[in-house]
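File shown: protein-v6.csv (CSV, C-alpha atoms).
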```csv
chain,number,residue,atom,x,y,z
L,1,MET,CA,27.1,-7.5,8.2
L,2,ASN,CA,27.2,-5.3,11.3
L,3,PRO,CA,23.5,-5.1,12.5
L,4,LYS,CA,24.2,-1.6,13.9
L,5,SER,CA,24.5,-0.4,10.3
L,6,VAL,CA,20.8,-1.2,9.6
L,7,LEU,CA,18.2,1.4,10.6
L,8,LYS,CA,15.7,-0.6,12.7
L,9,GLY,CA,12.1,-0.2,12.0
L,10,ARG,CA,12.7,1.1,8.5
L,11,GLY,CA,12.6,-0.5,5.0
L,12,ALA,CA,14.8,1.9,3.1
L,13,GLN,CA,18.3,2.3,4.4
L,14,LEU,CA,19.2,5.5,2.6
L,15,ASN,CA,17.8,8.7,1.0
L,16,VAL,CA,18.4,8.6,-2.7
L,17,PRO,CA,18.6,12.1,-4.4
L,18,ASN,CA,15.4,13.6,-5.7
L,19,ARG,CA,15.6,13.5,-9.5
L,20,PHE,CA,14.0,17.0,-9.7
L,21,PHE,CA,16.6,18.7,-7.6
L,22,GLU,CA,20.0,19.9,-8.8
L,23,PHE,CA,21.7,19.4,-5.4
L,24,SER,CA,21.5,16.5,-3.0
L,25,HIS,CA,22.3,15.9,0.7
L,26,GLU,CA,25.0,13.4,1.6
L,27,ILE,CA,26.1,12.1,5.0
L,28,ARG,CA,29.9,11.6,4.8
L,29,ASP,CA,31.9,8.8,6.3
L,30,ASP,CA,34.1,11.3,8.3
L,31,PHE,CA,30.9,12.8,9.9
L,32,LEU,CA,29.7,9.3,10.8
L,33,GLU,CA,33.1,8.5,12.3
L,34,TYR,CA,33.0,11.7,14.4
L,35,CYS,CA,29.5,10.9,15.7
L,36,ASN,CA,30.7,7.4,16.6
L,37,LYS,CA,33.6,8.7,18.6
L,38,GLU,CA,31.5,11.3,20.3
L,39,GLY,CA,28.7,8.8,21.1
L,40,GLU,CA,26.2,10.9,19.1
L,41,ASN,CA,23.4,9.7,16.9
L,42,PRO,CA,23.7,11.1,13.4
L,43,ASP,CA,20.1,10.2,12.5
L,44,LYS,CA,17.3,10.3,15.1
L,45,ASN,CA,15.1,8.3,12.7
L,46,LYS,CA,11.9,10.1,13.8
L,47,THR,CA,8.7,10.3,11.9
L,48,ARG,CA,7.2,13.7,11.2
L,49,TYR,CA,3.6,14.4,10.2
L,50,LEU,CA,3.2,17.5,8.0
L,51,GLU,CA,-0.3,18.9,7.4
L,52,VAL,CA,-1.1,19.9,3.8
L,53,SER,CA,-4.2,21.2,2.1
L,54,PRO,CA,-4.6,19.8,-1.4
L,55,LYS,CA,-7.3,21.2,-3.8
L,56,THR,CA,-8.5,17.8,-5.0
L,57,ILE,CA,-8.5,14.3,-3.4
L,58,VAL,CA,-10.1,11.9,-6.0
L,59,ASN,CA,-7.7,10.8,-8.7
L,60,LYS,CA,-8.7,9.2,-12.0
L,61,ILE,CA,-6.5,6.2,-12.7
L,62,LYS,CA,-5.3,6.1,-16.3
L,63,SER,CA,-3.4,2.8,-16.0
L,64,PRO,CA,-5.4,-0.1,-17.6
L,65,ASP,CA,-3.9,-2.8,-15.5
L,66,VAL,CA,-4.3,-1.5,-11.9
L,67,GLY,CA,-7.9,-2.7,-11.5
L,68,MET,CA,-9.5,0.6,-10.3
L,69,MET,CA,-10.8,3.7,-12.0
L,70,TYR,CA,-10.6,6.2,-9.1
L,71,SER,CA,-8.5,6.4,-6.0
L,72,LYS,CA,-8.3,8.6,-2.9
L,73,ASN,CA,-5.2,8.9,-0.7
L,74,ALA,CA,-5.5,10.7,2.7
L,75,TYR,CA,-1.7,10.5,3.3
L,76,GLN,CA,1.3,11.0,1.1
L,77,GLY,CA,4.2,8.8,2.2
L,78,CYS,CA,3.8,5.7,4.3
L,79,GLU,CA,5.3,4.8,7.6
L,80,HIS,CA,4.8,1.1,7.0
L,81,GLY,CA,8.2,1.2,5.1
L,82,CYS,CA,7.6,-1.6,2.6
L,83,ILE,CA,10.8,-1.7,0.7
L,84,TYR,CA,9.3,-2.6,-2.7
L,85,CYS,CA,6.5,0.1,-2.6
L,86,TYR,CA,5.9,1.5,-6.1
L,87,ALA,CA,4.5,4.7,-4.5
L,88,ARG,CA,7.9,5.8,-3.2
L,89,ASN,CA,8.6,7.7,-6.4
L,90,THR,CA,5.6,10.0,-5.9
L,91,HIS,CA,7.3,11.5,-2.9
L,92,GLU,CA,9.7,13.3,-5.2
L,93,PHE,CA,6.8,15.4,-6.5
L,94,TRP,CA,6.5,16.9,-3.0
L,95,GLY,CA,10.2,17.7,-2.7
L,96,TYR,CA,11.3,14.6,-0.7
L,97,SER,CA,13.4,11.5,-1.3
L,98,PRO,CA,11.6,8.2,-2.2
L,99,GLY,CA,14.0,6.5,0.3
L,100,LEU,CA,13.8,7.2,4.0
L,101,ASP,CA,11.8,10.5,3.5
L,102,PHE,CA,8.9,8.4,2.2
L,103,GLU,CA,8.7,6.6,5.5
L,104,ARG,CA,9.5,9.5,7.8
L,105,ARG,CA,7.9,12.6,6.2
L,106,ILE,CA,4.2,11.8,6.1
L,107,LEU,CA,2.0,14.5,4.5
L,108,VAL,CA,-1.5,14.6,6.1
L,109,LYS,CA,-4.4,15.8,3.9
L,110,LYS,CA,-6.7,16.9,6.7
L,111,ASN,CA,-9.3,18.4,4.4
L,112,ALA,CA,-9.7,15.1,2.5
L,113,PRO,CA,-13.2,14.2,3.8
L,114,LYS,CA,-14.6,17.7,2.8
L,115,LEU,CA,-13.0,17.4,-0.6
L,116,LEU,CA,-14.5,13.9,-1.0
L,117,GLU,CA,-17.9,15.1,0.0
L,118,ALA,CA,-17.8,18.0,-2.5
L,119,PHE,CA,-16.6,15.6,-5.2
L,120,ILE,CA,-19.3,13.0,-5.0
L,121,LYS,CA,-22.0,15.6,-4.7
L,122,LYS,CA,-21.2,17.0,-8.1
L,123,LYS,CA,-24.2,16.8,-10.5
L,124,SER,CA,-21.9,15.5,-13.2
L,125,TRP,CA,-20.5,12.6,-11.0
L,126,LYS,CA,-21.9,9.1,-11.7
L,127,ALA,CA,-21.2,6.7,-8.9
L,128,CYS,CA,-18.2,4.5,-9.4
L,129,PRO,CA,-16.1,2.7,-6.8
L,130,ILE,CA,-13.4,4.9,-5.3
L,131,VAL,CA,-10.5,3.0,-3.8
L,132,MET,CA,-8.8,4.3,-0.7
L,133,SER,CA,-5.1,3.5,-0.6
L,134,GLY,CA,-4.4,3.3,-4.3
L,135,ASN,CA,-1.1,4.9,-3.5
L,136,THR,CA,-0.4,4.8,0.3
L,137,ASP,CA,-2.1,2.8,3.1
L,138,CYS,CA,-5.1,4.7,4.5
L,139,TYR,CA,-4.7,2.8,7.8
L,140,GLN,CA,-1.0,3.6,8.4
L,141,PRO,CA,0.0,4.8,11.9
L,142,ALA,CA,-1.0,8.4,11.2
L,143,GLU,CA,-4.6,7.4,10.9
L,144,GLN,CA,-4.6,6.6,14.7
L,145,ILE,CA,-4.1,10.4,15.2
L,146,TYR,CA,-6.0,12.0,12.4
L,147,LYS,CA,-8.9,9.6,11.7
L,148,ILE,CA,-9.2,10.9,8.1
L,149,THR,CA,-10.1,7.4,6.8
L,150,ARG,CA,-12.9,7.0,9.3
L,151,GLN,CA,-14.3,10.4,8.4
L,152,SER,CA,-14.1,9.5,4.7
L,153,LEU,CA,-16.0,6.3,5.3
L,154,GLU,CA,-18.7,8.3,7.1
L,155,VAL,CA,-19.0,10.4,3.9
L,156,PHE,CA,-19.3,7.3,1.8
L,157,LEU,CA,-22.0,5.9,4.1
L,158,LYS,CA,-23.9,9.1,4.2
L,159,TYR,CA,-24.2,9.3,0.5
L,160,LYS,CA,-24.5,5.6,-0.2
L,161,HIS,CA,-21.4,5.6,-2.4
L,162,PRO,CA,-19.4,2.4,-3.2
L,163,VAL,CA,-15.8,2.3,-1.8
L,164,GLY,CA,-12.9,0.0,-1.8
L,165,ILE,CA,-10.0,-0.3,0.7
L,166,ILE,CA,-6.5,-1.7,0.4
L,167,THR,CA,-4.6,-2.1,3.6
L,168,LYS,CA,-2.2,-4.2,5.6
L,169,ASN,CA,-3.0,-2.7,9.0
L,170,ALA,CA,-5.3,-4.1,11.6
L,171,LEU,CA,-6.5,-0.6,12.4
L,172,ILE,CA,-9.2,-1.2,9.9
L,173,LEU,CA,-11.1,-3.2,12.5
L,174,ARG,CA,-11.6,0.0,14.5
L,175,ASP,CA,-14.1,1.0,11.8
L,176,LEU,CA,-15.9,-2.3,11.7
L,177,ASP,CA,-19.2,-0.5,12.7
L,178,ILE,CA,-19.2,1.6,9.5
L,179,LEU,CA,-17.9,-1.2,7.3
L,180,ARG,CA,-20.9,-3.4,8.5
L,181,GLU,CA,-23.3,-0.6,7.6
L,182,LEU,CA,-21.8,-0.2,4.1
L,183,ALA,CA,-21.8,-4.0,3.6
L,184,LYS,CA,-25.6,-4.1,4.1
L,185,ASP,CA,-26.0,-2.3,0.8
L,186,ASN,CA,-23.0,-3.9,-0.9
L,187,LEU,CA,-21.1,-0.7,-0.9
L,188,ILE,CA,-17.7,-1.9,0.4
L,189,SER,CA,-15.0,-4.4,-0.5
L,190,VAL,CA,-11.6,-4.8,1.2
L,191,SER,CA,-8.3,-6.0,-0.1
L,192,VAL,CA,-5.8,-7.2,2.6
L,193,SER,CA,-2.2,-7.3,1.4
L,194,ILE,CA,-0.4,-10.4,2.7
L,195,THR,CA,3.0,-11.0,1.1
L,196,SER,CA,4.3,-13.8,3.3
L,197,LEU,CA,3.4,-16.3,6.1
L,198,SER,CA,6.9,-15.8,7.6
L,199,GLU,CA,7.2,-13.2,10.3
L,200,LYS,CA,11.0,-13.0,9.7
L,201,THR,CA,10.3,-12.1,6.1
L,202,ARG,CA,7.5,-9.6,7.0
L,203,ARG,CA,9.7,-7.8,9.5
L,204,ILE,CA,12.4,-7.0,6.9
L,205,LEU,CA,10.1,-6.4,3.9
L,206,GLU,CA,7.4,-4.4,5.7
L,207,PRO,CA,8.8,-3.4,9.1
L,208,ARG,CA,5.9,-1.3,10.5
L,209,THR,CA,3.0,-3.3,9.3
L,210,ALA,CA,0.6,-5.6,11.2
L,211,THR,CA,1.8,-9.2,11.9
L,212,ILE,CA,0.8,-12.0,9.6
L,213,LYS,CA,-1.4,-13.4,12.3
L,214,ARG,CA,-3.2,-10.1,12.7
L,215,ARG,CA,-3.7,-9.8,9.0
L,216,LEU,CA,-5.3,-13.2,8.8
L,217,GLU,CA,-7.5,-12.1,11.7
L,218,ILE,CA,-8.6,-9.1,9.6
L,219,VAL,CA,-9.7,-11.4,6.8
L,220,LYS,CA,-11.7,-13.6,9.2
L,221,THR,CA,-13.2,-10.8,11.2
L,222,LEU,CA,-14.3,-8.9,8.1
L,223,THR,CA,-15.7,-12.0,6.4
L,224,ASP,CA,-17.6,-12.9,9.6
L,225,ASN,CA,-19.2,-9.5,9.4
L,226,ASN,CA,-20.2,-9.9,5.7
L,227,VAL,CA,-17.6,-7.6,4.4
L,228,PRO,CA,-16.1,-9.2,1.2
L,229,VAL,CA,-12.3,-9.6,1.3
L,230,ASN,CA,-9.8,-10.1,-1.4
L,231,VAL,CA,-6.2,-11.1,-0.4
L,232,MET,CA,-3.4,-9.5,-2.4
L,233,MET,CA,-0.3,-11.6,-2.6
L,234,ALA,CA,1.6,-8.6,-3.8
L,235,PRO,CA,4.3,-8.3,-4.8
L,236,ILE,CA,5.7,-11.8,-5.4
L,237,ILE,CA,9.5,-11.5,-5.2
L,238,PRO,CA,11.4,-14.5,-6.6
L,239,SER,CA,13.4,-16.4,-4.0
L,240,ILE,CA,11.9,-14.3,-1.2
L,241,ASN,CA,8.2,-15.2,-1.1
L,242,SER,CA,7.6,-17.0,-4.4
L,243,HIS,CA,7.6,-20.4,-2.7
L,244,GLU,CA,4.7,-19.4,-0.4
L,245,ILE,CA,2.0,-18.9,-3.0
L,246,LEU,CA,0.1,-22.1,-2.3
L,247,PRO,CA,0.2,-22.1,1.5
L,248,LEU,CA,-0.6,-18.4,1.6
L,249,ALA,CA,-3.6,-18.9,-0.7
L,250,LYS,CA,-4.7,-21.8,1.5
L,251,ALA,CA,-4.5,-19.7,4.7
L,252,ALA,CA,-6.4,-16.8,3.0
L,253,SER,CA,-9.2,-19.2,1.9
L,254,GLU,CA,-9.5,-20.9,5.3
L,255,ASN,CA,-9.9,-17.4,6.9
L,256,GLY,CA,-12.7,-16.5,4.6
L,257,ALA,CA,-11.2,-14.6,1.7
L,258,SER,CA,-13.4,-14.5,-1.4
L,259,SER,CA,-10.5,-14.2,-3.9
L,260,ILE,CA,-6.8,-13.7,-4.3
L,261,GLY,CA,-4.7,-11.4,-6.6
L,262,HIS,CA,-1.0,-11.1,-7.2
L,263,THR,CA,1.6,-8.9,-8.9
L,264,ILE,CA,5.3,-9.6,-9.6
L,265,VAL,CA,7.7,-7.1,-8.1
L,266,ARG,CA,8.8,-4.3,-10.3
L,267,LEU,CA,11.4,-1.8,-9.1
L,268,ASN,CA,10.4,1.3,-11.0
L,269,GLY,CA,12.3,4.6,-10.9
L,270,ALA,CA,14.4,5.2,-7.8
L,271,ILE,CA,13.1,2.0,-6.1
L,272,GLY,CA,15.7,-0.1,-8.0
L,273,GLU,CA,18.5,1.6,-6.2
L,274,ILE,CA,16.7,1.6,-2.8
L,275,PHE,CA,15.8,-2.1,-3.1
L,276,THR,CA,19.3,-3.1,-4.3
L,277,ASP,CA,20.9,-1.2,-1.3
L,278,TRP,CA,18.5,-2.8,1.1
L,279,ILE,CA,18.9,-6.4,-0.1
L,280,LYS,CA,22.7,-6.2,-0.1
L,281,LYS,CA,22.5,-5.1,3.5
L,282,THR,CA,19.8,-7.4,4.8
L,283,MET,CA,20.2,-10.5,2.6
L,284,PRO,CA,23.8,-10.3,1.3
L,285,ASP,CA,24.0,-14.1,0.6
L,286,LYS,CA,21.1,-14.1,-1.8
L,287,ALA,CA,21.1,-10.5,-3.0
L,288,ASP,CA,22.6,-11.3,-6.5
L,289,LYS,CA,20.3,-14.2,-7.0
L,290,VAL,CA,17.1,-12.3,-6.2
L,291,LEU,CA,18.1,-9.3,-8.3
L,292,ASN,CA,19.0,-11.5,-11.3
L,293,GLN,CA,15.6,-13.3,-11.0
L,294,ILE,CA,13.7,-10.1,-10.9
L,295,GLU,CA,15.6,-9.0,-14.0
L,296,ASN,CA,14.6,-12.3,-15.6
L,297,CYS,CA,11.0,-11.4,-15.1
L,298,HIS,CA,11.4,-8.0,-16.9
L,299,GLY,CA,13.5,-8.6,-19.9
L,300,GLY,CA,16.9,-8.1,-18.2
L,301,ASN,CA,15.8,-5.0,-16.2
L,302,LEU,CA,14.6,-4.4,-12.6
L,303,ASN,CA,11.5,-2.7,-14.0
L,304,ASP,CA,9.2,-2.9,-17.0
L,305,SER,CA,6.8,0.0,-17.5
L,306,ARG,CA,4.7,-1.5,-20.3
L,307,TYR,CA,1.0,-1.9,-19.5
L,308,GLY,CA,0.0,-5.5,-19.4
L,309,ALA,CA,3.5,-6.8,-18.8
L,310,ARG,CA,4.7,-4.7,-15.8
L,311,MET,CA,2.4,-6.3,-13.2
L,312,ARG,CA,2.8,-9.9,-14.4
L,313,GLY,CA,6.3,-10.1,-15.9
L,314,GLU,CA,7.5,-12.3,-18.7
L,315,GLY,CA,9.9,-15.3,-19.0
L,316,LYS,CA,10.1,-18.6,-17.3
L,317,ILE,CA,10.1,-17.5,-13.7
L,318,ALA,CA,7.1,-15.2,-14.2
L,319,GLU,CA,5.3,-18.0,-16.0
L,320,GLN,CA,5.9,-20.4,-13.1
L,321,ILE,CA,4.5,-17.8,-10.6
L,322,THR,CA,1.4,-17.2,-12.8
L,323,ASN,CA,0.8,-20.9,-13.0
L,324,LEU,CA,1.1,-21.4,-9.3
L,325,VAL,CA,-1.4,-18.6,-8.7
L,326,ARG,CA,-3.8,-20.1,-11.2
L,327,LEU,CA,-3.4,-23.5,-9.4
L,328,ALA,CA,-4.1,-21.8,-6.1
L,329,ARG,CA,-7.3,-20.3,-7.4
L,330,GLN,CA,-8.5,-23.7,-8.7
L,331,LYS,CA,-7.6,-25.4,-5.5
L,332,TYR,CA,-8.8,-22.9,-2.9
L,333,PHE,CA,-11.1,-20.4,-4.6
L,334,LYS,CA,-13.0,-22.5,-7.1
L,335,ASP,CA,-16.5,-21.6,-6.0
L,336,LYS,CA,-15.6,-18.1,-4.6
L,337,SER,CA,-15.7,-14.6,-6.1
L,338,MET,CA,-15.8,-11.0,-5.0
L,339,PRO,CA,-19.2,-9.3,-5.5
L,340,LYS,CA,-19.6,-6.3,-7.8
L,341,LEU,CA,-20.2,-3.1,-5.7
L,342,ASN,CA,-23.6,-1.4,-5.8
L,343,CYS,CA,-23.4,1.9,-7.8
L,344,ASP,CA,-27.2,2.4,-8.0
L,345,LEU,CA,-28.0,3.9,-4.6
L,346,HIS,CA,-25.9,7.1,-4.6
L,347,GLU,CA,-27.8,9.4,-7.0
L,348,PRO,CA,-30.8,10.0,-4.8
L,349,TYR,CA,-28.5,10.9,-1.8
L,350,LYS,CA,-26.4,13.6,-3.5
L,351,ASN,CA,-28.4,16.3,-1.7
L,352,GLY,CA,-28.4,14.5,1.6
L,353,GLN,CA,-31.9,13.3,1.3
L,354,LEU,CA,-34.0,10.9,-0.9
L,355,LYS,CA,-35.9,12.3,-3.8
L,356,LEU,CA,-39.6,11.8,-3.6
L,357,PHE,CA,-40.1,11.3,-7.3
```

Please, can you express the file's structure as structure tokens?
Amino acid sequence: MNPKSVLKGRGAQLNVPNRFFEFSHEIRDDFLEYCNKEGENPDKNKTRYLEVSPKTIVNKIKSPDVGMMYSKNAYQGCEHGCIYCYARNTHEFWGYSPGLDFERRILVKKNAPKLLEAFIKKKSWKACPIVMSGNTDCYQPAEQIYKITRQSLEVFLKYKHPVGIITKNALILRDLDILRELAKDNLISVSVSITSLSEKTRRILEPRTATIKRRLEIVKTLTDNNVPVNVMMAPIIPSINSHEILPLAKAASENGASSIGHTIVRLNGAIGEIFTDWIKKTMPDKADKVLNQIENCHGGNLNDSRYGARMRGEGKIAEQITNLVRLARQKYFKDKSMPKLNCDLHEPYKNGQLKLF
């Protein structure tokens, strides 16, 4: 394969049509040939940040197998570019493609902290952990500029409200001061996503994420500061990272993680086409093998939307993966567990001050 045909620093290699649009945009071969002859770049591959003002920011999760009840996402789209990301399909609701647009058109919800504060101050609201990054990473590169996640953490701390974080970016350590304060009252838990111990694998699966070394440092640093950490080995992709389950779990445990979790890759919606195009360009020798094994985990399809089965898969390969994760827990996490977050402190702080009686 010609390496020039791969967009560097991106996961997706194309923009698939938006299923809600009648028309689609296509870059024709004759145009590409013209650009090549003229020495022009047909695609500048730039990231754009677009500010939006949503009316709500906390979402109730209806799925019974996600492991959270409420989520909050400061950004729509994610520059990390993880090729397998299930959230890609949500970009279509905003009028963009789940392919390259998902990585290059980042919608920034600048009013998120104010919306969050108004939400948790409602008289009808009973404290329940709200997870940041249920859809897209709250510490993606845009956070360096906008600091929406830090402002949101300040709101959670002010009102003594429990919060969870899912990330694969070392920028989380910038907010260690707030995380430490939340941890004093058992109001914070963090899940760090680590899909591989191989930098080569990381670079093609998750091109704009923190290195594996840095992610393990996140786990250790947070643990050393009494912030409980779970490591998400997600997703497990047969023949790409499925052989790393035990060594990855060992590394997570040695760096202080309290638990591990996993999912098996599912290529829902347009992600099947995006992933198939990507793997045939980046791993042509094993593309068919990987795709066939993913299908083996989902009844002959690249995706299974059934609750209970979609995250774990079925069949021999899925069973082997589940057994390996179970063994990893017994071997490296036998006497460890994540604490339950404290939901009892928030009520007196709704008005910004403690009630006297």

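Remark: for Leu324 in chain L, the closest of the candidate residues L:Leu302, L:Ile245, L:Leu341, L:Met311 is L:Ile245 (distances computed over only C-alpha atoms).
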
Using only C-alpha atoms, which protein or nucleic acid residues come within 8 Å of Thr211 in chain L? Drop anything in the same chain fewer than 3 positions from it, and give the result as an mmCIF file with C-alpha atoms, in the frame of the given file.
```cif
data_model
loop_
_atom_site.group_PDB
_atom_site.id
_atom_site.type_symbol
_atom_site.label_atom_id
_atom_site.label_comp_id
_atom_site.auth_asym_id
_atom_site.auth_seq_id
_atom_site.Cartn_x
_atom_site.Cartn_y
_atom_site.Cartn_z
ATOM 1 C CA GLU L 199 7.200 -13.200 10.300
ATOM 2 C CA ARG L 202 7.500 -9.600 7.000
ATOM 3 C CA ARG L 214 -3.200 -10.100 12.700
ATOM 4 C CA ARG L 215 -3.700 -9.800 9.000
#
```

Notebook entry, point to check: Which residue, L:Lys72, L:Lys184, L:Arg312, L:His346, has the smallest gap to Val227 in chain L when you use only C-alpha atoms?
Noted result: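 Going through L:Lys72, L:Lys184, L:Arg312, L:His346 one by one, the smallest distance to Val227 in chain L is for L:Lys184.
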
Select from range 255-346 of chain L every residue with an atom at most 7 Å from any atom of range 229-232 of chain L, then for each give the shortest pair of atoms and their distance in Å to one decimal, using all atoms listed in the file, rows by chain and rising number, as JSON lines.
```
{"residue": "L:Ala257", "atom": "CA", "partner": "L:Val229", "partner_atom": "CA", "distance": 5.1}
{"residue": "L:Ser258", "atom": "CA", "partner": "L:Asn230", "partner_atom": "CA", "distance": 5.7}
{"residue": "L:Ser259", "atom": "CA", "partner": "L:Asn230", "partner_atom": "CA", "distance": 4.9}
{"residue": "L:Ile260", "atom": "CA", "partner": "L:Val231", "partner_atom": "CA", "distance": 4.7}
{"residue": "L:Gly261", "atom": "CA", "partner": "L:Met232", "partner_atom": "CA", "distance": 4.8}
{"residue": "L:His262", "atom": "CA", "partner": "L:Met232", "partner_atom": "CA", "distance": 5.6}
```

Item checked: Given all atoms listed in the file as the counted atoms, nearest of L:Thr47, L:Thr149, L:Gln144, L:Thr56 to Arg104 in chain L -> L:Thr47

Item checked: Counting all atoms listed in the file, the option among L:Ser239, L:Ile194, L:Arg180, L:Pro98 closest to Asp224 in chain L -> L:Arg180
